[in-house]
$ cat my_file-v7.tsv   # TSV, N, CA and C atoms
chain	number	residue	atom	x	y	z
A	1	MET	N	94.84	1.91	-18.47
A	1	MET	CA	94.93	0.58	-17.90
A	1	MET	C	94.00	-0.34	-18.69
A	2	SER	N	94.42	-1.57	-18.87
A	2	SER	CA	93.65	-2.54	-19.63
A	2	SER	C	92.36	-2.91	-18.91
A	3	ASN	N	91.32	-3.11	-19.69
A	3	ASN	CA	90.03	-3.50	-19.13
A	3	ASN	C	89.77	-4.99	-19.22
A	4	ARG	N	90.77	-5.78	-19.56
A	4	ARG	CA	90.59	-7.22	-19.65
A	4	ARG	C	90.37	-7.84	-18.28
A	5	SER	N	89.50	-8.83	-18.25
A	5	SER	CA	89.31	-9.58	-17.01
A	5	SER	C	90.43	-10.62	-16.90
A	6	GLU	N	90.59	-11.18	-15.72
A	6	GLU	CA	91.61	-12.23	-15.54
A	6	GLU	C	91.29	-13.43	-16.43
A	7	ASP	N	90.03	-13.75	-16.64
A	7	ASP	CA	89.67	-14.84	-17.55
A	7	ASP	C	90.09	-14.53	-18.98
A	8	GLU	N	89.95	-13.28	-19.39
A	8	GLU	CA	90.39	-12.88	-20.73
A	8	GLU	C	91.90	-12.97	-20.85
A	9	TRP	N	92.63	-12.54	-19.80
A	9	TRP	CA	94.09	-12.67	-19.81
A	9	TRP	C	94.49	-14.14	-19.89
A	10	ARG	N	93.81	-14.98	-19.14
A	10	ARG	CA	94.12	-16.41	-19.14
A	10	ARG	C	93.95	-17.01	-20.54
A	11	ALA	N	92.99	-16.49	-21.29
A	11	ALA	CA	92.71	-17.00	-22.64
A	11	ALA	C	93.78	-16.59	-23.66
A	12	VAL	N	94.46	-15.45	-23.44
A	12	VAL	CA	95.42	-14.96	-24.43
A	12	VAL	C	96.88	-15.19	-24.04
A	13	LEU	N	97.14	-15.52	-22.79
A	13	LEU	CA	98.51	-15.77	-22.33
A	13	LEU	C	98.73	-17.27	-22.14
A	14	THR	N	99.98	-17.70	-22.28
A	14	THR	CA	100.29	-19.09	-21.97
A	14	THR	C	100.17	-19.26	-20.45
A	15	PRO	N	100.06	-20.49	-19.96
A	15	PRO	CA	100.00	-20.69	-18.51
A	15	PRO	C	101.22	-20.10	-17.78
A	16	GLN	N	102.40	-20.19	-18.38
A	16	GLN	CA	103.60	-19.64	-17.77
A	16	GLN	C	103.54	-18.11	-17.73
A	17	GLN	N	103.11	-17.50	-18.83
A	17	GLN	CA	102.96	-16.04	-18.87
A	17	GLN	C	101.94	-15.58	-17.83
A	18	PHE	N	100.82	-16.27	-17.76
A	18	PHE	CA	99.76	-15.90	-16.82
A	18	PHE	C	100.27	-15.96	-15.38
A	19	ALA	N	101.02	-17.01	-15.06
A	19	ALA	CA	101.54	-17.18	-13.70
A	19	ALA	C	102.44	-16.03	-13.29
A	20	VAL	N	103.26	-15.54	-14.22
A	20	VAL	CA	104.18	-14.45	-13.89
A	20	VAL	C	103.50	-13.10	-14.03
A	21	LEU	N	102.92	-12.83	-15.20
A	21	LEU	CA	102.38	-11.51	-15.50
A	21	LEU	C	101.14	-11.15	-14.68
A	22	ARG	N	100.28	-12.11	-14.42
A	22	ARG	CA	99.01	-11.80	-13.75
A	22	ARG	C	98.96	-12.27	-12.30
A	23	GLN	N	99.79	-13.29	-11.96
A	23	GLN	CA	99.77	-13.82	-10.59
A	23	GLN	C	101.05	-13.50	-9.82
A	24	LYS	N	101.88	-12.62	-10.39
A	24	LYS	CA	103.09	-12.11	-9.74
A	24	LYS	C	104.11	-13.20	-9.43
A	25	GLY	N	104.20	-14.18	-10.32
A	25	GLY	CA	105.19	-15.24	-10.17
A	25	GLY	C	106.57	-14.77	-10.61
A	26	THR	N	107.53	-15.68	-10.51
A	26	THR	CA	108.91	-15.41	-10.94
A	26	THR	C	109.42	-16.62	-11.70
A	27	GLU	N	110.01	-16.37	-12.86
A	27	GLU	CA	110.60	-17.48	-13.60
A	27	GLU	C	111.92	-17.87	-12.94
A	28	PRO	N	112.34	-19.13	-13.08
A	28	PRO	CA	113.61	-19.56	-12.48
A	28	PRO	C	114.78	-18.73	-13.02
A	29	PRO	N	115.75	-18.39	-12.17
A	29	PRO	CA	116.89	-17.60	-12.64
A	29	PRO	C	117.63	-18.30	-13.77
A	30	GLY	N	118.05	-17.51	-14.75
A	30	GLY	CA	118.82	-18.03	-15.87
A	30	GLY	C	118.02	-18.76	-16.92
A	31	SER	N	116.72	-18.86	-16.74
A	31	SER	CA	115.90	-19.64	-17.66
A	31	SER	C	115.24	-18.81	-18.76
A	32	GLY	N	115.28	-17.50	-18.65
A	32	GLY	CA	114.53	-16.64	-19.56
A	32	GLY	C	115.21	-16.38	-20.89
A	33	GLU	N	114.41	-16.11	-21.87
A	33	GLU	CA	114.86	-15.86	-23.24
A	33	GLU	C	115.78	-14.65	-23.34
A	34	TYR	N	115.58	-13.63	-22.52
A	34	TYR	CA	116.32	-12.38	-22.68
A	34	TYR	C	117.41	-12.16	-21.63
A	35	THR	N	117.69	-13.14	-20.81
A	35	THR	CA	118.69	-12.97	-19.76
A	35	THR	C	120.04	-12.55	-20.33
A	36	SER	N	120.47	-13.17	-21.42
A	36	SER	CA	121.79	-12.88	-22.01
A	36	SER	C	121.69	-12.23	-23.38
A	37	THR	N	120.55	-11.66	-23.70
A	37	THR	CA	120.35	-11.01	-25.00
A	37	THR	C	120.71	-9.53	-24.91
A	38	PHE	N	121.49	-9.06	-25.88
A	38	PHE	CA	121.86	-7.65	-25.90
A	38	PHE	C	121.68	-7.06	-27.30
A	39	GLU	N	120.65	-7.50	-28.01
A	39	GLU	CA	120.34	-6.96	-29.33
A	39	GLU	C	119.64	-5.61	-29.20
A	40	ALA	N	119.84	-4.77	-30.21
A	40	ALA	CA	119.22	-3.44	-30.21
A	40	ALA	C	117.72	-3.55	-30.45
A	41	GLY	N	116.98	-2.72	-29.74
A	41	GLY	CA	115.53	-2.69	-29.90
A	41	GLY	C	114.85	-2.11	-28.69
A	42	VAL	N	113.55	-2.35	-28.63
A	42	VAL	CA	112.74	-1.89	-27.50
A	42	VAL	C	112.03	-3.09	-26.92
A	43	TYR	N	112.12	-3.23	-25.61
A	43	TYR	CA	111.43	-4.30	-24.90
A	43	TYR	C	110.04	-3.81	-24.51
A	44	GLY	N	109.03	-4.56	-24.93
A	44	GLY	CA	107.66	-4.22	-24.60
A	44	GLY	C	107.09	-5.20	-23.60
A	45	CYS	N	105.92	-4.87	-23.09
A	45	CYS	CA	105.23	-5.73	-22.14
A	45	CYS	C	104.82	-7.03	-22.82
A	46	GLY	N	105.10	-8.14	-22.18
A	46	GLY	CA	104.75	-9.45	-22.72
A	46	GLY	C	103.26	-9.70	-22.77
A	47	ALA	N	102.48	-8.89	-22.07
A	47	ALA	CA	101.02	-9.05	-22.08
A	47	ALA	C	100.37	-8.13	-23.11
A	48	CYS	N	100.61	-6.82	-23.00
A	48	CYS	CA	99.88	-5.87	-23.85
A	48	CYS	C	100.73	-5.24	-24.95
A	49	GLY	N	102.05	-5.42	-24.90
A	49	GLY	CA	102.93	-4.89	-25.94
A	49	GLY	C	103.40	-3.46	-25.73
A	50	ALA	N	102.95	-2.79	-24.69
A	50	ALA	CA	103.36	-1.40	-24.45
A	50	ALA	C	104.89	-1.32	-24.32
A	51	PRO	N	105.53	-0.34	-24.95
A	51	PRO	CA	106.98	-0.18	-24.83
A	51	PRO	C	107.39	0.11	-23.38
A	52	LEU	N	108.43	-0.60	-22.90
A	52	LEU	CA	108.86	-0.46	-21.51
A	52	LEU	C	110.30	0.02	-21.36
A	53	TYR	N	111.23	-0.61	-22.11
A	53	TYR	CA	112.67	-0.36	-21.92
A	53	TYR	C	113.38	-0.29	-23.27
A	54	LYS	N	114.32	0.65	-23.40
A	54	LYS	CA	115.23	0.65	-24.53
A	54	LYS	C	116.34	-0.36	-24.24
A	55	SER	N	116.78	-1.05	-25.28
A	55	SER	CA	117.86	-2.03	-25.09
A	55	SER	C	119.14	-1.36	-24.59
A	56	SER	N	119.31	-0.09	-24.88
A	56	SER	CA	120.52	0.63	-24.44
A	56	SER	C	120.58	0.79	-22.91
A	57	THR	N	119.47	0.53	-22.21
A	57	THR	CA	119.47	0.63	-20.75
A	57	THR	C	119.62	-0.74	-20.08
A	58	LYS	N	119.81	-1.78	-20.88
A	58	LYS	CA	119.98	-3.13	-20.36
A	58	LYS	C	121.46	-3.35	-20.01
A	59	PHE	N	121.71	-4.02	-18.90
A	59	PHE	CA	123.10	-4.31	-18.52
A	59	PHE	C	123.17	-5.69	-17.88
A	60	ASN	N	124.37	-6.23	-17.85
A	60	ASN	CA	124.57	-7.57	-17.30
A	60	ASN	C	124.84	-7.48	-15.80
A	61	ALA	N	123.82	-7.80	-15.02
A	61	ALA	CA	123.93	-7.74	-13.57
A	61	ALA	C	124.29	-9.10	-12.97
A	62	HIS	N	124.39	-10.12	-13.81
A	62	HIS	CA	124.72	-11.47	-13.35
A	62	HIS	C	123.76	-11.94	-12.25
A	63	CYS	N	122.48	-11.60	-12.42
A	63	CYS	CA	121.49	-11.94	-11.39
A	63	CYS	C	120.53	-13.05	-11.83
A	64	GLY	N	120.60	-13.44	-13.10
A	64	GLY	CA	119.72	-14.51	-13.59
A	64	GLY	C	118.48	-14.03	-14.31
A	65	TRP	N	118.28	-12.70	-14.35
A	65	TRP	CA	117.14	-12.12	-15.05
A	65	TRP	C	117.63	-10.90	-15.82
A	66	PRO	N	116.90	-10.47	-16.85
A	66	PRO	CA	117.27	-9.24	-17.54
A	66	PRO	C	117.27	-8.07	-16.56
A	67	ALA	N	118.27	-7.20	-16.68
A	67	ALA	CA	118.39	-6.04	-15.81
A	67	ALA	C	118.49	-4.76	-16.65
A	68	PHE	N	117.75	-3.76	-16.24
A	68	PHE	CA	117.73	-2.45	-16.89
A	68	PHE	C	117.96	-1.39	-15.83
A	69	TYR	N	118.56	-0.26	-16.21
A	69	TYR	CA	118.76	0.79	-15.21
A	69	TYR	C	117.68	1.86	-15.24
A	70	GLU	N	116.83	1.87	-16.28
A	70	GLU	CA	115.69	2.78	-16.27
A	70	GLU	C	114.68	2.36	-17.32
A	71	ALA	N	113.42	2.65	-17.03
A	71	ALA	CA	112.33	2.38	-17.96
A	71	ALA	C	112.06	3.61	-18.81
A	72	LEU	N	111.32	3.43	-19.87
A	72	LEU	CA	110.85	4.57	-20.64
A	72	LEU	C	109.95	5.42	-19.74
A	73	PRO	N	109.94	6.74	-19.92
A	73	PRO	CA	109.13	7.60	-19.05
A	73	PRO	C	107.66	7.16	-19.01
A	74	GLY	N	107.15	6.96	-17.81
A	74	GLY	CA	105.75	6.60	-17.61
A	74	GLY	C	105.38	5.17	-17.93
A	75	ALA	N	106.35	4.35	-18.32
A	75	ALA	CA	106.05	2.99	-18.78
A	75	ALA	C	105.76	2.00	-17.66
A	76	VAL	N	106.39	2.21	-16.50
A	76	VAL	CA	106.17	1.28	-15.39
A	76	VAL	C	105.67	2.03	-14.16
A	77	ARG	N	104.92	1.32	-13.37
A	77	ARG	CA	104.41	1.86	-12.10
A	77	ARG	C	105.08	1.10	-10.97
A	78	ARG	N	105.46	1.79	-9.94
A	78	ARG	CA	106.13	1.19	-8.78
A	78	ARG	C	105.11	0.99	-7.66
A	79	ILE	N	105.20	-0.19	-7.04
A	79	ILE	CA	104.27	-0.53	-5.97
A	79	ILE	C	105.07	-1.12	-4.80
A	80	GLU	N	104.81	-0.62	-3.61
A	80	GLU	CA	105.47	-1.17	-2.42
A	80	GLU	C	105.07	-2.64	-2.29
A	81	ASP	N	106.06	-3.50	-2.05
A	81	ASP	CA	105.83	-4.95	-1.95
A	81	ASP	C	106.48	-5.46	-0.68
A	82	ARG	N	105.65	-5.87	0.26
A	82	ARG	CA	106.16	-6.41	1.53
A	82	ARG	C	105.91	-7.90	1.64
A	83	SER	N	105.73	-8.56	0.50
A	83	SER	CA	105.52	-10.01	0.51
A	83	SER	C	106.83	-10.73	0.82
A	84	LEU	N	106.73	-11.96	1.19
A	84	LEU	CA	107.88	-12.82	1.47
A	84	LEU	C	108.77	-12.27	2.59
A	85	GLY	N	108.21	-11.42	3.45
A	85	GLY	CA	108.97	-10.89	4.58
A	85	GLY	C	110.04	-9.88	4.20
A	86	MET	N	109.94	-9.29	3.01
A	86	MET	CA	110.93	-8.32	2.54
A	86	MET	C	110.26	-7.01	2.17
A	87	ASP	N	111.02	-5.93	2.23
A	87	ASP	CA	110.57	-4.65	1.70
A	87	ASP	C	111.18	-4.48	0.32
A	88	ARG	N	110.31	-4.52	-0.70
A	88	ARG	CA	110.79	-4.39	-2.07
A	88	ARG	C	109.88	-3.43	-2.82
A	89	VAL	N	110.27	-3.12	-4.05
A	89	VAL	CA	109.45	-2.29	-4.93
A	89	VAL	C	109.13	-3.12	-6.16
A	90	GLU	N	107.86	-3.46	-6.31
A	90	GLU	CA	107.40	-4.19	-7.49
A	90	GLU	C	107.23	-3.20	-8.63
A	91	ILE	N	107.49	-3.66	-9.86
A	91	ILE	CA	107.20	-2.86	-11.04
A	91	ILE	C	106.18	-3.59	-11.89
A	92	VAL	N	105.19	-2.82	-12.37
A	92	VAL	CA	104.14	-3.34	-13.24
A	92	VAL	C	104.03	-2.45	-14.46
A	93	CYS	N	103.51	-2.99	-15.53
A	93	CYS	CA	103.25	-2.22	-16.74
A	93	CYS	C	102.20	-1.15	-16.43
A	94	SER	N	102.48	0.08	-16.80
A	94	SER	CA	101.53	1.17	-16.55
A	94	SER	C	100.24	1.01	-17.36
A	95	LYS	N	100.33	0.34	-18.50
A	95	LYS	CA	99.15	0.22	-19.36
A	95	LYS	C	98.21	-0.89	-18.90
A	96	CYS	N	98.75	-2.07	-18.54
A	96	CYS	CA	97.88	-3.21	-18.23
A	96	CYS	C	98.04	-3.78	-16.82
A	97	ALA	N	98.95	-3.20	-16.04
A	97	ALA	CA	99.19	-3.60	-14.65
A	97	ALA	C	99.76	-5.01	-14.52
A	98	SER	N	100.35	-5.53	-15.57
A	98	SER	CA	100.98	-6.86	-15.48
A	98	SER	C	102.30	-6.77	-14.73
A	99	HIS	N	102.59	-7.80	-13.94
A	99	HIS	CA	103.81	-7.87	-13.14
A	99	HIS	C	105.03	-8.02	-14.04
A	100	LEU	N	106.04	-7.19	-13.79
A	100	LEU	CA	107.29	-7.26	-14.54
A	100	LEU	C	108.41	-7.83	-13.69
A	101	GLY	N	108.53	-7.35	-12.47
A	101	GLY	CA	109.60	-7.77	-11.58
A	101	GLY	C	109.72	-6.81	-10.42
A	102	HIS	N	110.97	-6.47	-10.04
A	102	HIS	CA	111.23	-5.58	-8.92
A	102	HIS	C	112.38	-4.64	-9.23
A	103	VAL	N	112.42	-3.51	-8.54
A	103	VAL	CA	113.50	-2.54	-8.65
A	103	VAL	C	114.32	-2.58	-7.38
A	104	PHE	N	115.64	-2.59	-7.56
A	104	PHE	CA	116.57	-2.56	-6.43
A	104	PHE	C	117.49	-1.36	-6.60
A	105	ARG	N	117.79	-0.69	-5.49
A	105	ARG	CA	118.64	0.52	-5.51
A	105	ARG	C	119.88	0.29	-4.66
A	106	GLY	N	120.92	1.04	-4.99
A	106	GLY	CA	122.10	1.08	-4.15
A	106	GLY	C	122.93	-0.18	-4.14
A	107	GLU	N	122.93	-0.92	-5.22
A	107	GLU	CA	123.70	-2.17	-5.27
A	107	GLU	C	125.13	-1.96	-5.78
A	108	GLY	N	125.43	-0.73	-6.21
A	108	GLY	CA	126.79	-0.42	-6.63
A	108	GLY	C	127.11	-0.69	-8.09
A	109	PHE	N	126.09	-0.92	-8.91
A	109	PHE	CA	126.35	-1.08	-10.34
A	109	PHE	C	126.71	0.27	-10.94
A	110	ALA	N	127.60	0.28	-11.92
A	110	ALA	CA	128.03	1.51	-12.57
A	110	ALA	C	127.02	1.91	-13.64
A	111	THR	N	125.84	2.32	-13.18
A	111	THR	CA	124.77	2.77	-14.07
A	111	THR	C	124.39	4.20	-13.71
A	112	PRO	N	123.78	4.93	-14.62
A	112	PRO	CA	123.43	6.33	-14.35
A	112	PRO	C	122.41	6.52	-13.22
A	113	THR	N	121.61	5.50	-12.92
A	113	THR	CA	120.52	5.67	-11.94
A	113	THR	C	120.76	4.96	-10.62
A	114	ASP	N	121.77	4.09	-10.54
A	114	ASP	CA	122.00	3.26	-9.35
A	114	ASP	C	120.79	2.39	-9.05
A	115	GLU	N	120.06	2.01	-10.11
A	115	GLU	CA	118.92	1.12	-9.97
A	115	GLU	C	119.10	-0.10	-10.85
A	116	ARG	N	118.51	-1.21	-10.40
A	116	ARG	CA	118.44	-2.42	-11.21
A	116	ARG	C	116.98	-2.84	-11.31
A	117	HIS	N	116.41	-2.71	-12.49
A	117	HIS	CA	115.07	-3.22	-12.74
A	117	HIS	C	115.26	-4.69	-13.11
A	118	CYS	N	114.94	-5.55	-12.20
A	118	CYS	CA	115.09	-7.00	-12.38
A	118	CYS	C	113.77	-7.52	-12.95
A	119	VAL	N	113.77	-7.85	-14.24
A	119	VAL	CA	112.52	-8.13	-14.96
A	119	VAL	C	112.51	-9.57	-15.47
A	120	ASN	N	111.41	-10.24	-15.28
A	120	ASN	CA	111.24	-11.58	-15.82
A	120	ASN	C	111.26	-11.52	-17.34
A	121	SER	N	112.02	-12.39	-17.99
A	121	SER	CA	112.03	-12.44	-19.46
A	121	SER	C	110.64	-12.66	-20.02
A	122	ILE	N	109.87	-13.49	-19.37
A	122	ILE	CA	108.54	-13.83	-19.86
A	122	ILE	C	107.59	-12.64	-19.81
A	123	SER	N	107.99	-11.60	-19.06
A	123	SER	CA	107.20	-10.37	-18.98
A	123	SER	C	107.54	-9.41	-20.10
A	124	LEU	N	108.47	-9.78	-20.97
A	124	LEU	CA	108.97	-8.91	-22.03
A	124	LEU	C	108.80	-9.51	-23.40
A	125	LYS	N	108.81	-8.64	-24.41
A	125	LYS	CA	108.87	-9.03	-25.82
A	125	LYS	C	109.74	-8.01	-26.52
A	126	LEU	N	110.85	-8.47	-27.11
A	126	LEU	CA	111.79	-7.56	-27.77
A	126	LEU	C	111.37	-7.29	-29.21
A	127	ALA	N	111.22	-5.99	-29.53
A	127	ALA	CA	111.04	-5.56	-30.91
A	127	ALA	C	112.41	-5.11	-31.39
A	128	LYS	N	113.06	-5.93	-32.21
A	128	LYS	CA	114.42	-5.65	-32.65
A	128	LYS	C	114.44	-4.50	-33.65
A	129	GLU	N	115.54	-3.72	-33.58
A	129	GLU	CA	115.70	-2.59	-34.51
A	129	GLU	C	116.23	-3.09	-35.83

$ encode --input "my_file-v7.tsv" --output "structure tokens"
Amino acid sequence: MSNRSEDEWRAVLTPQQFAVLRQKGTEPPGSGEYTSTFEAGVYGCGACGAPLYKSSTKFNAHCGWPAFYEALPGAVRRIEDRSLGMDRVEIVCSKCASHLGHVFRGEGFATPTDERHCVNSISLKLAKE
């Protein structure tokens, strides 16, 4: 886990990145850089760069944010989230604990895991192959 203080994160992230990655914000649907991107590569954490998702696990869920059906092994940590009056599962980067988004199950997508990792584009950085 990263040893950076919140002040150190604030110094290296843009205000928009800080709001989402460190303060658990959400970018507006359809506004992110990677919502409609399907280039080959590996998506890393927008804060620390740790590899999170292979592009081959990305799918079009028509939800307004990038969607993946599974993360790289050990790359994300799941946290129970009961904010906003809902029961959800938040996902954070295992290396730096930055907020990525949420995981939803049982939505009926034709994916191997029956999961949708709904991730903010600003929480990602694509390393193209």

$ axis_aligned_box --input "my_file-v7.tsv" --around "range 48-57 of chain A" --padding-each-side "4 Å" --output "JSON"
{"center_x": 110.2, "center_y": -3.0, "center_z": -23.0, "size_x": 28.7, "size_y": 15.6, "size_z": 13.9}

$ atom_distance --input "my_file-v7.tsv" --atom1 "atom C of Phe18 in chain A" --atom2 "atom N of Glu129 in chain A"
26.7 Å

$ atom_distance --input "my_file-v7.tsv" --atom1 "CA of Ala97 in chain A" --atom2 "CA of Thr111 in chain A"
26.4 Å

$ atom_distance --input "my_file-v7.tsv" --atom1 "atom N of Ser36 in chain A" --atom2 "CA of Lys95 in chain A"
25.3 Å

$ residues_near_point --input "my_file-v7.tsv" --point "(115.5, -2.5, -16.6)" --cutoff "6 Å" --atoms "only N, CA and C atoms" --output "PyMOL selection string"
chain A and resi 57-58+66-71+116-118

$ residues_near_point --input "my_file-v7.tsv" --point "(108.8, -2.2, -1.3)" --cutoff "10 Å" --atoms "only C-alpha atoms" --output "list in words"
Arg78, Ile79, Glu80, Asp81, Arg82, Ser83, Met86, Asp87, Arg88, Val89, Glu90, Ile91, His102, Val103 and Phe104 of chain A

$ write_last_selection --input "my_file-v7.tsv" --atoms "N, CA and C atoms" --output "PDB file, in the frame of the given file"
ATOM      1  N   ARG A  78     105.460   1.790  -9.940  1.00  0.00           N
ATOM      2  CA  ARG A  78     106.130   1.190  -8.780  1.00  0.00           C
ATOM      3  C   ARG A  78     105.110   0.990  -7.660  1.00  0.00           C
ATOM      4  N   ILE A  79     105.200  -0.190  -7.040  1.00  0.00           N
ATOM      5  CA  ILE A  79     104.270  -0.530  -5.970  1.00  0.00           C
ATOM      6  C   ILE A  79     105.070  -1.120  -4.800  1.00  0.00           C
ATOM      7  N   GLU A  80     104.810  -0.620  -3.610  1.00  0.00           N
ATOM      8  CA  GLU A  80     105.470  -1.170  -2.420  1.00  0.00           C
ATOM      9  C   GLU A  80     105.070  -2.640  -2.290  1.00  0.00           C
ATOM     10  N   ASP A  81     106.060  -3.500  -2.050  1.00  0.00           N
ATOM     11  CA  ASP A  81     105.830  -4.950  -1.950  1.00  0.00           C
ATOM     12  C   ASP A  81     106.480  -5.460  -0.680  1.00  0.00           C
ATOM     13  N   ARG A  82     105.650  -5.870   0.260  1.00  0.00           N
ATOM     14  CA  ARG A  82     106.160  -6.410   1.530  1.00  0.00           C
ATOM     15  C   ARG A  82     105.910  -7.900   1.640  1.00  0.00           C
ATOM     16  N   SER A  83     105.730  -8.560   0.500  1.00  0.00           N
ATOM     17  CA  SER A  83     105.520 -10.010   0.510  1.00  0.00           C
ATOM     18  C   SER A  83     106.830 -10.730   0.820  1.00  0.00           C
ATOM     19  N   MET A  86     109.940  -9.290   3.010  1.00  0.00           N
ATOM     20  CA  MET A  86     110.930  -8.320   2.540  1.00  0.00           C
ATOM     21  C   MET A  86     110.260  -7.010   2.170  1.00  0.00           C
ATOM     22  N   ASP A  87     111.020  -5.930   2.230  1.00  0.00           N
ATOM     23  CA  ASP A  87     110.570  -4.650   1.700  1.00  0.00           C
ATOM     24  C   ASP A  87     111.180  -4.480   0.320  1.00  0.00           C
ATOM     25  N   ARG A  88     110.310  -4.520  -0.700  1.00  0.00           N
ATOM     26  CA  ARG A  88     110.790  -4.390  -2.070  1.00  0.00           C
ATOM     27  C   ARG A  88     109.880  -3.430  -2.820  1.00  0.00           C
ATOM     28  N   VAL A  89     110.270  -3.120  -4.050  1.00  0.00           N
ATOM     29  CA  VAL A  89     109.450  -2.290  -4.930  1.00  0.00           C
ATOM     30  C   VAL A  89     109.130  -3.120  -6.160  1.00  0.00           C
ATOM     31  N   GLU A  90     107.860  -3.460  -6.310  1.00  0.00           N
ATOM     32  CA  GLU A  90     107.400  -4.190  -7.490  1.00  0.00           C
ATOM     33  C   GLU A  90     107.230  -3.200  -8.630  1.00  0.00           C
ATOM     34  N   ILE A  91     107.490  -3.660  -9.860  1.00  0.00           N
ATOM     35  CA  ILE A  91     107.200  -2.860 -11.040  1.00  0.00           C
ATOM     36  C   ILE A  91     106.180  -3.590 -11.890  1.00  0.00           C
ATOM     37  N   HIS A 102     110.970  -6.470 -10.040  1.00  0.00           N
ATOM     38  CA  HIS A 102     111.230  -5.580  -8.920  1.00  0.00           C
ATOM     39  C   HIS A 102     112.380  -4.640  -9.230  1.00  0.00           C
ATOM     40  N   VAL A 103     112.420  -3.510  -8.540  1.00  0.00           N
ATOM     41  CA  VAL A 103     113.500  -2.540  -8.650  1.00  0.00           C
ATOM     42  C   VAL A 103     114.320  -2.580  -7.380  1.00  0.00           C
ATOM     43  N   PHE A 104     115.640  -2.590  -7.560  1.00  0.00           N
ATOM     44  CA  PHE A 104     116.570  -2.560  -6.430  1.00  0.00           C
ATOM     45  C   PHE A 104     117.490  -1.360  -6.600  1.00  0.00           C
TER      46      PHE A 104
END

$ closest_residue --input "my_file-v7.tsv" --among "A:Gln17, A:Thr113, A:Ser94, A:Thr37" --to "Gly74 in chain A" --atoms "only C-alpha atoms"
A:Ser94

$ decode --input "my_file-v7.tsv" --residues "range 108-124 of chain A" --atoms "C-alpha atoms" --output "PDB file, in the first residue's frame"
ATOM      1  CA  GLY A 108     -27.162 -10.697 -17.065  1.00  0.00           C
ATOM      2  CA  PHE A 109     -24.200  -9.650 -19.197  1.00  0.00           C
ATOM      3  CA  ALA A 110     -22.728 -12.481 -21.278  1.00  0.00           C
ATOM      4  CA  THR A 111     -19.370 -12.444 -19.495  1.00  0.00           C
ATOM      5  CA  PRO A 112     -17.436 -15.311 -17.876  1.00  0.00           C
ATOM      6  CA  THR A 113     -17.833 -13.890 -14.341  1.00  0.00           C
ATOM      7  CA  ASP A 114     -21.333 -12.321 -14.365  1.00  0.00           C
ATOM      8  CA  GLU A 115     -19.667  -9.225 -12.908  1.00  0.00           C
ATOM      9  CA  ARG A 116     -19.381  -5.643 -14.104  1.00  0.00           C
ATOM     10  CA  HIS A 117     -16.487  -3.646 -12.713  1.00  0.00           C
ATOM     11  CA  CYS A 118     -17.794  -0.132 -13.334  1.00  0.00           C
ATOM     12  CA  VAL A 119     -14.628   1.991 -13.271  1.00  0.00           C
ATOM     13  CA  ASN A 120     -14.160   5.730 -13.610  1.00  0.00           C
ATOM     14  CA  SER A 121     -12.005   6.541 -16.665  1.00  0.00           C
ATOM     15  CA  ILE A 122     -10.077   9.062 -14.601  1.00  0.00           C
ATOM     16  CA  SER A 123      -9.077   6.202 -12.280  1.00  0.00           C
ATOM     17  CA  LEU A 124      -7.326   4.462 -15.193  1.00  0.00           C
TER      18      LEU A 124
END
